[in-house]
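Data first, discussion second: the structure below is written as C-alpha cells.
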Amino acid sequence: MASLATGRSLLAAATGADGRIYAIGGHEFLTNAPTNVVEAYDLVTDTWTTVAPMHAARQGLAAVAGPNGAIYAIGGSDRTHTFLPTVEVYDPSTNAWTQIADLPRGLRNLAAAQAPVGGISRIFAIGGHGETPPFTSMEVYSP
C-alpha cells in the first residue's frame, strides 16, 4: 500500500462518506512539531492526495465522520503543548475546513464517535486529558 507523504505520529484518521480514509494532523517528524496537513487515501487507486489543511496545527486530536458526510477534527495540542478546545469540520465536497463551536475545555489524546440519540445524530468527544488528570467524561455535539 502507498505510504503517507507526511511522516507523523499522534494523528487522527476517519473514513469519509466518499470512501476515502483521511489522515489528519499529528506530530510531523520532519519539523518535529504539530501539523495541520490532511491527506486522503483512495483505496481503489492506492494513492494519497493532500487536501485542504486544517486551520490549526495540532497533535493528539480525535476525528470522526459525521452523519452529514463531514469529518470532525476535535481537540489536540499545539506546539506549546497547550490543550486545544478547537473543533473543525471538513467537507469533502468543497475541500474546505470550517471552525465550529469549541469544546468546553481543551483536550488531547481523546477519542471520538458518532451515534444517534433519540433519532438525532450526535458526535461524542470521549476522555482525553487537559490541565487536570485524564477525564472520564464525554462531551456531546449535535451536528
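Letters A, B, ... go to the chains of the C-alpha cells in the order shown; residues in each chain start at 1; ligands are counted from 1 in the same order.
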Distance query Gly119 (chain A) at most 12 Å, only C-alpha atoms, self and fewer than 3 positions along chain excluded, as a PyMOL selection string: chain A and resi 67+115-116+122+142
May I have the residues from that selection written out with N, CA and C atoms, as a compact mmCIF listing (two decimals), in the first residue's frame?
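Output contents, as saved in result-v9.txt:
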```
# COMPACT_ATOMS: atom_id res chain seq x y z
N PRO A 67 -22.73 12.31 10.44
CA PRO A 67 -23.84 11.77 9.65
C PRO A 67 -24.08 12.54 8.36
N ALA A 115 -23.01 8.67 16.97
CA ALA A 115 -24.11 7.74 17.20
C ALA A 115 -25.42 8.52 17.30
N PRO A 116 -26.53 7.87 16.92
CA PRO A 116 -27.83 8.54 17.07
C PRO A 116 -28.34 8.44 18.50
N ARG A 122 -25.37 12.44 16.97
CA ARG A 122 -24.53 13.21 17.89
C ARG A 122 -23.07 12.81 17.68
N SER A 142 -24.13 18.26 18.69
CA SER A 142 -25.17 17.93 17.72
C SER A 142 -24.88 18.64 16.40
```
Which residues come within 10 Å of Phe135 (chain A), counting only C-alpha atoms, excluding same-chain residues fewer than 4 positions away, as an MDAnalysis selection string? chainID A and resid 107 110 126:131
Same residues, C-alpha atoms, saved as a PDB file, in the first residue's frame:
```
ATOM      1  CA  LEU A 107      -8.410  18.156  25.463  1.00  0.00           C
ATOM      2  CA  LEU A 110      -9.178  11.787  23.365  1.00  0.00           C
ATOM      3  CA  ILE A 126     -14.642  10.849  24.964  1.00  0.00           C
ATOM      4  CA  GLY A 127     -12.000  11.006  27.700  1.00  0.00           C
ATOM      5  CA  GLY A 128      -8.660  12.626  26.983  1.00  0.00           C
ATOM      6  CA  HIS A 129      -6.707  14.893  29.247  1.00  0.00           C
ATOM      7  CA  GLY A 130      -6.200  18.598  29.720  1.00  0.00           C
ATOM      8  CA  GLU A 131      -4.932  20.758  32.557  1.00  0.00           C
TER       9      GLU A 131
END
```
Which polymer residues have any atom within 12 Å of an atom of Pro104 (chain A), counting only C-alpha atoms, with same-chain residues fewer than 5 positions away left out, as a list of chain:residue names? A:Ile74, A:Gly75, A:Phe83, A:Leu84, A:Pro85, A:Thr86, A:Val87, A:Ala125, A:Gly130, A:Ser137, A:Met138, A:Glu139, A:Val140, A:Tyr141
Keeping C-alpha atoms, export the residues of the selection given above as a PDB file, in the first residue's frame.
```
ATOM      1  CA  ILE A  74     -11.623  17.554  17.720  1.00  0.00           C
ATOM      2  CA  GLY A  75      -9.193  18.916  20.325  1.00  0.00           C
ATOM      3  CA  PHE A  83      -4.616  21.810  25.214  1.00  0.00           C
ATOM      4  CA  LEU A  84      -6.959  22.935  22.434  1.00  0.00           C
ATOM      5  CA  PRO A  85     -10.768  23.077  22.601  1.00  0.00           C
ATOM      6  CA  THR A  86     -10.842  23.587  18.817  1.00  0.00           C
ATOM      7  CA  VAL A  87     -13.324  21.707  16.615  1.00  0.00           C
ATOM      8  CA  ALA A 125     -15.717  13.507  22.475  1.00  0.00           C
ATOM      9  CA  GLY A 130      -6.200  18.598  29.720  1.00  0.00           C
ATOM     10  CA  SER A 137     -16.479  12.491  30.967  1.00  0.00           C
ATOM     11  CA  MET A 138     -17.951  12.857  27.491  1.00  0.00           C
ATOM     12  CA  GLU A 139     -18.798  15.989  25.586  1.00  0.00           C
ATOM     13  CA  VAL A 140     -21.706  15.787  23.128  1.00  0.00           C
ATOM     14  CA  TYR A 141     -22.139  17.852  19.972  1.00  0.00           C
TER      15      TYR A 141
END
```
Can you pull out the residues contacting region 40-55 of chain A? Cut-off 7 Å, using only C-alpha atoms, and skip same-chain residues under 2 positions away; I want them as a ChimeraX atom specification. /A:1-2,4,20-23,36-38,57,95-97
Output file for the residues above (C-alpha atoms, as a short mmCIF file (atom, residue, chain, number, x, y, z; two decimals), in the first residue's frame):
```cif
data_model
loop_
_atom_site.label_atom_id
_atom_site.label_comp_id
_atom_site.auth_asym_id
_atom_site.auth_seq_id
_atom_site.Cartn_x
_atom_site.Cartn_y
_atom_site.Cartn_z
CA MET A 1 0.00 0.00 0.00
CA ALA A 2 1.11 3.56 -0.68
CA LEU A 4 1.74 8.84 3.52
CA ARG A 20 -11.52 7.80 1.31
CA ILE A 21 -9.50 7.47 4.52
CA TYR A 22 -8.37 10.81 5.91
CA ALA A 23 -5.10 11.17 7.89
CA ASN A 36 -2.27 20.88 10.01
CA VAL A 37 -1.63 18.61 7.00
CA VAL A 38 -4.51 16.40 5.86
CA ALA A 57 -1.83 22.64 13.51
CA ASN A 95 -12.42 20.60 0.16
CA ALA A 96 -12.78 23.15 2.94
CA TRP A 97 -12.47 23.26 6.75
#
```
All strand (DSSP E or B) residues (DSSP, backbone) inside chain A, as JSON, numbers by chain: {"A": [8, 9, 12, 13, 14, 15, 21, 22, 23, 24, 27, 28, 33, 34, 35, 38, 39, 40, 41, 42, 47, 48, 49, 50, 51, 58, 59, 62, 63, 64, 65, 71, 72, 73, 74, 77, 83, 87, 88, 89, 90, 91, 96, 97, 98, 99, 100, 108, 111, 112, 113, 114, 115, 116, 117, 120, 121, 122, 123, 124, 125, 126, 129, 138, 139, 140, 141]}
Please report, as a tab-separated table, each residue of region 55-89 of chain A lying at most 12 Å from region 28-31 of chain A, together with the nearest pair of atoms and the separation in Å rounded to one decimal; use only C-alpha atoms, and order rows by chain and ascending residue number.
```
residue	atom	partner	partner_atom	distance
A:Ala57	CA	A:Glu28	CA	10.1
A:Arg58	CA	A:Glu28	CA	9.9
A:Gln59	CA	A:Glu28	CA	8.9
A:Gly60	CA	A:Glu28	CA	11.8
A:Asp78	CA	A:Glu28	CA	12.0
A:Arg79	CA	A:Thr31	CA	10.8
```
